[in-house]
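What follows is the content of start-v7.txt (compact mmCIF, C-alpha atoms).
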# COMPACT_ATOMS: atom_id res chain seq x y z
CA MET A 21 -144.56 14.30 37.95
CA ARG A 22 -142.24 11.77 39.50
CA ARG A 23 -139.14 13.19 41.22
CA ARG A 24 -135.82 11.49 40.71
CA PRO A 25 -134.42 9.83 43.83
CA PRO A 26 -131.34 11.57 45.27
CA LEU A 27 -127.95 10.19 44.32
CA GLU A 28 -126.32 7.84 46.74
CA PRO A 29 -123.02 8.95 48.35
CA ARG A 30 -121.07 6.52 46.18
CA GLN A 31 -122.75 7.82 43.03
CA ARG A 32 -122.10 11.42 44.03
CA ALA A 33 -118.44 10.61 44.64
CA LYS A 34 -118.17 8.99 41.21
CA PHE A 35 -119.88 11.95 39.58
CA PHE A 36 -117.57 14.40 41.33
CA CYS A 37 -114.47 12.43 40.32
CA PHE A 38 -115.68 12.28 36.72
CA PHE A 39 -116.36 16.03 36.71
CA LEU A 40 -112.95 16.76 38.22
CA ALA A 41 -111.21 14.53 35.69
CA CYS A 42 -112.96 16.29 32.83
CA VAL A 43 -111.98 19.70 34.15
CA LEU A 44 -108.35 18.64 34.56
CA VAL A 45 -108.23 17.22 31.04
CA VAL A 46 -109.66 20.41 29.56
CA LEU A 47 -107.25 22.58 31.53
CA ALA A 48 -104.30 20.42 30.59
CA VAL A 49 -105.18 20.51 26.88
CA VAL A 50 -106.08 24.20 26.66
CA GLY A 51 -103.54 25.83 28.93
CA THR A 52 -100.56 23.67 29.86
CA GLY A 53 -98.23 26.67 29.71
CA HIS A 54 -100.64 28.72 31.81
CA LEU A 55 -100.88 25.99 34.43
CA ARG A 56 -97.12 25.74 34.66
CA SER A 57 -96.83 29.51 35.04
CA ILE A 58 -99.33 29.63 37.90
CA LEU A 59 -97.95 26.57 39.67
CA GLY A 60 -94.41 27.83 39.27
CA SER A 61 -95.24 31.28 40.67
CA LEU A 62 -97.08 29.83 43.67
CA ALA A 63 -94.30 27.34 44.37
CA VAL A 64 -91.54 29.97 44.14
CA THR A 65 -93.46 32.35 46.42
CA ARG A 66 -94.13 29.65 49.01
CA VAL A 67 -90.53 28.41 49.00
CA SER A 68 -89.05 31.93 49.11
CA ASN A 69 -91.14 32.86 52.14
CA MET A 70 -90.12 29.69 53.94
CA VAL A 71 -86.43 30.20 53.12
CA ASN A 72 -86.53 33.81 54.37
CA ARG A 73 -88.07 32.66 57.64
CA ILE A 74 -85.57 29.81 58.05
CA ALA A 75 -82.55 32.07 57.42
CA ALA A 76 -83.82 34.71 59.86
CA GLU A 77 -84.50 32.09 62.54
CA ALA A 78 -81.06 30.47 62.13
CA VAL A 79 -79.20 33.79 62.35
CA GLY A 80 -81.41 35.00 65.21
CA THR A 81 -80.69 31.82 67.16
CA ALA A 82 -76.93 32.30 66.70
CA VAL A 83 -77.12 35.93 67.86
CA ASP A 84 -79.42 35.27 70.83
CA SER A 85 -77.27 32.39 72.05
CA GLY A 86 -74.20 34.63 72.20
CA GLU A 87 -72.27 32.74 69.53
CA ILE A 88 -71.59 35.95 67.63
CA GLN A 89 -69.61 38.46 69.68
CA TYR A 90 -67.83 41.46 68.17
CA ASN A 91 -64.82 41.20 70.47
CA GLN A 92 -64.39 37.55 69.49
CA LEU A 93 -64.39 38.40 65.81
CA ILE A 94 -62.42 41.66 65.76
CA THR A 95 -59.42 42.87 67.76
CA LEU A 96 -58.71 46.61 67.87
CA GLU A 97 -54.99 47.40 67.75
CA LYS A 98 -54.11 50.82 69.14
CA ASN A 99 -51.16 53.12 68.59
CA GLU A 100 -49.00 54.80 71.23
CA SER A 101 -51.49 57.63 71.71
CA GLY A 102 -54.36 55.22 72.34
CA GLY A 103 -56.06 55.65 68.99
CA VAL A 104 -57.23 52.74 66.88
CA ALA A 105 -54.51 51.85 64.39
CA ALA A 106 -55.91 48.63 62.87
CA LEU A 107 -58.71 46.09 63.02
CA VAL A 108 -57.55 42.47 63.09
CA SER A 109 -60.03 39.77 62.08
CA ASN A 110 -60.18 36.40 63.80
CA MET A 111 -60.51 34.33 60.63
CA ALA A 112 -60.75 31.03 62.50
CA GLU A 113 -63.83 32.27 64.37
CA PHE A 114 -65.34 33.71 61.18
CA ASN A 115 -64.92 30.37 59.39
CA ARG A 116 -66.36 28.44 62.33
CA LEU A 117 -69.45 30.62 62.47
CA GLN A 118 -69.97 30.46 58.71
CA ALA A 119 -69.83 26.66 58.79
CA ALA A 120 -72.11 26.39 61.83
CA ILE A 121 -74.79 28.75 60.48
CA THR A 122 -74.68 27.15 57.02
CA ARG A 123 -75.12 23.71 58.59
CA ASP A 124 -78.04 24.94 60.71
CA ILE A 125 -79.80 26.44 57.68
CA LEU A 126 -79.30 23.27 55.62
CA ASP A 127 -80.74 21.17 58.47
CA ARG A 128 -83.80 23.42 58.58
CA LEU A 129 -84.18 23.30 54.79
CA GLY A 130 -84.22 19.51 54.97
CA GLY A 131 -87.50 19.68 56.87
CA MET A 132 -89.29 21.39 53.97
CA SER A 133 -88.46 18.84 51.25
CA ASP A 134 -92.14 17.89 50.68
CA ILE A 135 -94.67 20.72 50.46
CA GLU A 136 -98.32 20.54 49.46
CA LEU A 137 -99.96 23.38 47.52
CA GLY A 138 -103.72 23.85 47.62
CA ILE A 139 -104.98 25.61 44.48
CA PRO A 140 -108.64 26.27 43.61
CA LEU A 141 -109.52 25.02 40.13
CA GLY A 142 -110.98 28.41 39.27
CA THR A 143 -107.58 29.99 39.79
CA LEU A 144 -106.01 27.54 37.37
CA SER A 145 -108.53 28.51 34.69
CA GLY A 146 -106.95 31.96 34.37
CA SER A 147 -110.30 33.71 34.69
CA ALA A 148 -110.46 36.62 37.11
CA PHE A 149 -114.14 35.80 37.79
CA LEU A 150 -113.34 32.21 38.78
CA ALA A 151 -110.18 33.01 40.78
CA GLY A 152 -110.33 31.38 44.20
CA ARG A 153 -113.45 29.41 43.37
CA GLY A 154 -114.12 25.74 42.93
CA PRO A 155 -112.69 22.58 44.49
CA VAL A 156 -109.14 22.80 45.80
CA LEU A 157 -106.56 20.82 43.88
CA SER A 158 -103.70 19.54 46.01
CA VAL A 159 -100.32 19.49 44.29
CA ARG A 160 -97.31 18.01 46.01
CA MET A 161 -93.92 19.51 45.28
CA GLN A 162 -90.43 18.61 46.37
CA SER A 163 -87.60 21.05 46.98
CA VAL A 164 -83.91 20.75 47.67
CA GLY A 165 -81.47 23.55 48.28
CA SER A 166 -77.90 24.61 48.80
CA CYS A 167 -76.69 27.38 51.09
CA SER A 168 -73.62 29.57 51.49
CA ALA A 169 -72.87 32.20 54.13
CA ARG A 170 -70.22 34.88 54.25
CA PHE A 171 -69.33 37.83 56.46
CA GLU A 172 -68.86 41.36 55.15
CA ASN A 173 -67.70 44.61 56.75
CA GLU A 174 -69.54 47.90 56.53
CA PHE A 175 -68.18 51.26 57.68
CA SER A 176 -70.25 54.42 58.04
CA HIS A 177 -69.70 57.85 59.59
CA ALA A 178 -71.27 58.35 63.01
CA GLY A 179 -69.89 61.83 63.76
CA ILE A 180 -66.94 64.09 63.08
CA ASN A 181 -64.59 61.68 64.88
CA GLN A 182 -66.61 58.45 65.00
CA THR A 183 -67.00 55.53 62.62
CA THR A 184 -69.52 52.70 62.92
CA HIS A 185 -68.13 49.30 62.03
CA ARG A 186 -70.87 46.81 61.28
CA ILE A 187 -70.42 43.09 60.57
CA LEU A 188 -72.95 41.71 58.10
CA LEU A 189 -73.79 38.07 57.55
CA CYS A 190 -74.90 37.44 53.96
CA VAL A 191 -76.83 34.21 53.35
CA ASP A 192 -77.46 32.94 49.82
CA VAL A 193 -79.83 30.01 49.30
CA SER A 194 -80.44 28.32 45.94
CA MET A 195 -83.58 26.14 45.75
CA SER A 196 -84.59 23.62 43.09
CA ILE A 197 -88.33 22.89 43.02
CA LEU A 198 -89.83 19.79 41.43
CA LEU A 199 -93.50 19.97 40.40
CA PRO A 200 -95.65 17.45 38.49
CA GLY A 201 -94.39 17.50 34.91
CA PHE A 202 -91.77 20.23 35.24
CA ARG A 203 -89.26 21.87 37.53
CA THR A 204 -88.33 25.42 38.49
CA GLY A 205 -86.07 27.14 40.97
CA THR A 206 -85.33 30.32 42.87
CA GLU A 207 -82.47 32.04 44.66
CA VAL A 208 -82.98 33.86 47.94
CA SER A 209 -80.41 36.26 49.42
CA ASN A 210 -80.52 37.96 52.82
CA SER A 211 -78.16 40.24 54.70
CA PHE A 212 -78.22 40.45 58.51
CA ALA A 213 -76.36 42.86 60.78
CA VAL A 214 -74.97 40.60 63.52
CA ALA A 215 -72.47 42.83 65.37
CA GLU A 216 -71.30 46.43 65.40
CA THR A 217 -69.22 48.92 67.33
CA VAL A 218 -68.43 52.62 67.20
CA ILE A 219 -64.76 53.50 66.74
CA VAL A 220 -63.87 56.86 68.25
CA GLY A 221 -60.94 58.76 66.76
CA GLU A 222 -59.23 62.03 67.51
CA VAL A 223 -61.30 65.20 67.50
CA PRO A 224 -60.12 67.42 64.60
CA GLY A 225 -58.80 70.86 65.38
CA THR A 226 -61.09 72.48 62.84
CA TYR A 227 -64.30 71.33 61.24
CA THR A 228 -66.22 72.96 58.39
CA TYR A 229 -69.72 71.99 57.39
CA PHE A 230 -71.41 73.16 54.19
CA ASP A 231 -75.11 72.72 53.79
CA SER A 232 -76.34 71.76 50.35
CA GLY A 233 -77.58 74.80 48.51
CA ASN A 234 -75.33 77.17 50.47
CA ALA A 235 -73.81 79.77 48.17
CA MET A 236 -70.56 79.70 50.20
CA GLN A 237 -69.99 76.07 49.18
CA ASP A 238 -69.04 76.97 45.60
CA ASP A 239 -66.76 79.78 46.79
CA ALA A 240 -64.99 77.47 49.24
CA PHE A 241 -64.53 74.79 46.59
CA GLU A 242 -63.07 77.30 44.14
CA TYR A 243 -60.73 78.67 46.81
CA SER A 244 -59.49 75.15 47.70
CA ILE A 245 -58.77 74.42 44.01
CA ASN A 246 -56.90 77.63 43.38
CA ASN A 247 -54.96 77.61 46.64
CA GLY A 248 -54.53 73.86 47.19

Would you write the structure of this file as structure tokens?
Amino acid sequence: MRRRPPLEPRQRAKFFCFFLACVLVVLAVVGTGHLRSILGSLAVTRVSNMVNRIAAEAVGTAVDSGEIQYNQLITLEKNESGGVAALVSNMAEFNRLQAAITRDILDRLGGMSDIELGIPLGTLSGSAFLAGRGPVLSVRMQSVGSCSARFENEFSHAGINQTTHRILLCVDVSMSILLPGFRTGTEVSNSFAVAETVIVGEVPGTYTYFDSGNAMQDDAFEYSINNG
């Protein structure tokens, strides 16, 4: 029995291209919506992870470089007895930092405009058995985004006469993603604590603490209502 001669490299390449084209045609005809769903999910996940990393790196760079200092953002005004009477915000410094960090994030986002996704054809088929199998299909996507940053204040109790004042930097990024044949998008929001201080007030003359579940708590509440 005569054996067939092996295919030449050029013939094998043609056969592979023909096979790949057939698979793509079948997938496109049978499951266009499914393909878009998978591609969209992968693209959104990839872009979201990159945006989170970019925002964290931009804010971390600003903090490590000393650009964000609590005493440059907030001035504590005290009363005659030395207690804190008011917190005065340096709005010019807040606005400068917001603009600088927003500009830095946008510059970093510009470097991720073209991204290539590698997806096995088995994954595109929707079959759990074929997931991750087969030749890898490279899909190029483009992304463009907008960014806004704002500062927020957060106060929390740190003791009977202490209050923690924390300055948060909230970064919101909106990304538009262009894929072959359709487009999608995602919004990524992060909040970073960039500065904080503990404000110490006067020690109260009396202090009462009621543990949850203590039977005396209900009696004390009733007494305060009836004798308030």

Give me, please, the distance in Å between atom CA of Ala106 of chain A and atom CA of Ile94 of chain A, quoted to one decimal. 10.0 Å

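Distances here use all atoms listed in the file; by that measure, the residue among A:Thr217, A:Asn210, A:Ser194, A:Ser61 closest to His177 of chain A is A:Thr217.
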
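Distance check against Asp134 of chain A using only C-alpha atoms: of A:Met111, A:Val159, A:Leu96, A:Leu55, the minimum falls on A:Val159.
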
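Shortest separation to His185 of chain A among A:Ala215, A:Leu157, A:Val208, A:Leu93 occurs at residue A:Ala215, atoms counted being all atoms listed in the file.
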
Cut-off 9 Å around (-88.0, 36.2, 45.7) with all atoms listed in the file: residues as a PyMOL selection string: chain A and resi 64-65+67-69+206-209

For the point (-77.5, 32.7, 69.3) in file coordinates, what residues are within 12 Å, counting all atoms listed in the file? Give the answer as a PDB file with C-alpha atoms, in the frame of the given file?
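Below you can see selection-v3.pdb, which holds the result:
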ATOM      1  CA  ALA A  76     -83.820  34.710  59.860  1.00  0.00           C
ATOM      2  CA  GLU A  77     -84.500  32.090  62.540  1.00  0.00           C
ATOM      3  CA  ALA A  78     -81.060  30.470  62.130  1.00  0.00           C
ATOM      4  CA  VAL A  79     -79.200  33.790  62.350  1.00  0.00           C
ATOM      5  CA  GLY A  80     -81.410  35.000  65.210  1.00  0.00           C
ATOM      6  CA  THR A  81     -80.690  31.820  67.160  1.00  0.00           C
ATOM      7  CA  ALA A  82     -76.930  32.300  66.700  1.00  0.00           C
ATOM      8  CA  VAL A  83     -77.120  35.930  67.860  1.00  0.00           C
ATOM      9  CA  ASP A  84     -79.420  35.270  70.830  1.00  0.00           C
ATOM     10  CA  SER A  85     -77.270  32.390  72.050  1.00  0.00           C
ATOM     11  CA  GLY A  86     -74.200  34.630  72.200  1.00  0.00           C
ATOM     12  CA  GLU A  87     -72.270  32.740  69.530  1.00  0.00           C
ATOM     13  CA  ILE A  88     -71.590  35.950  67.630  1.00  0.00           C
ATOM     14  CA  GLN A  89     -69.610  38.460  69.680  1.00  0.00           C
ATOM     15  CA  LEU A 117     -69.450  30.620  62.470  1.00  0.00           C
ATOM     16  CA  ALA A 120     -72.110  26.390  61.830  1.00  0.00           C
ATOM     17  CA  ILE A 121     -74.790  28.750  60.480  1.00  0.00           C
ATOM     18  CA  ASP A 124     -78.040  24.940  60.710  1.00  0.00           C
ATOM     19  CA  VAL A 214     -74.970  40.600  63.520  1.00  0.00           C
ATOM     20  CA  ALA A 215     -72.470  42.830  65.370  1.00  0.00           C
TER      21      ALA A 215
END

Gap from atom CA of Leu137 of chain A to atom CA of Ile125 of chain A - Å, one decimal: 22.8 Å

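Proximity ranking of A:Gly138, A:Gly179, A:Pro155, A:Gly130 relative to Met70 of chain A places A:Gly130 first, based on all atoms listed in the file.
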
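Atom pair atom CA of Val220 of chain A / atom CA of Gln92 of chain A has a distance of 19.4 Å (rounded to one decimal).
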
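Candidate residues A:Ala213, A:Ile139, A:Leu59, A:Ala169 were compared for distance to Ile187 of chain A, and the nearest is A:Ala213, using all atoms listed in the file.
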
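Minimum atom-to-atom distance to Phe202 of chain A, evaluated using only C-alpha atoms, belongs to A:Ala63 out of A:Cys167, A:Leu107, A:Ala63, A:Ile135.
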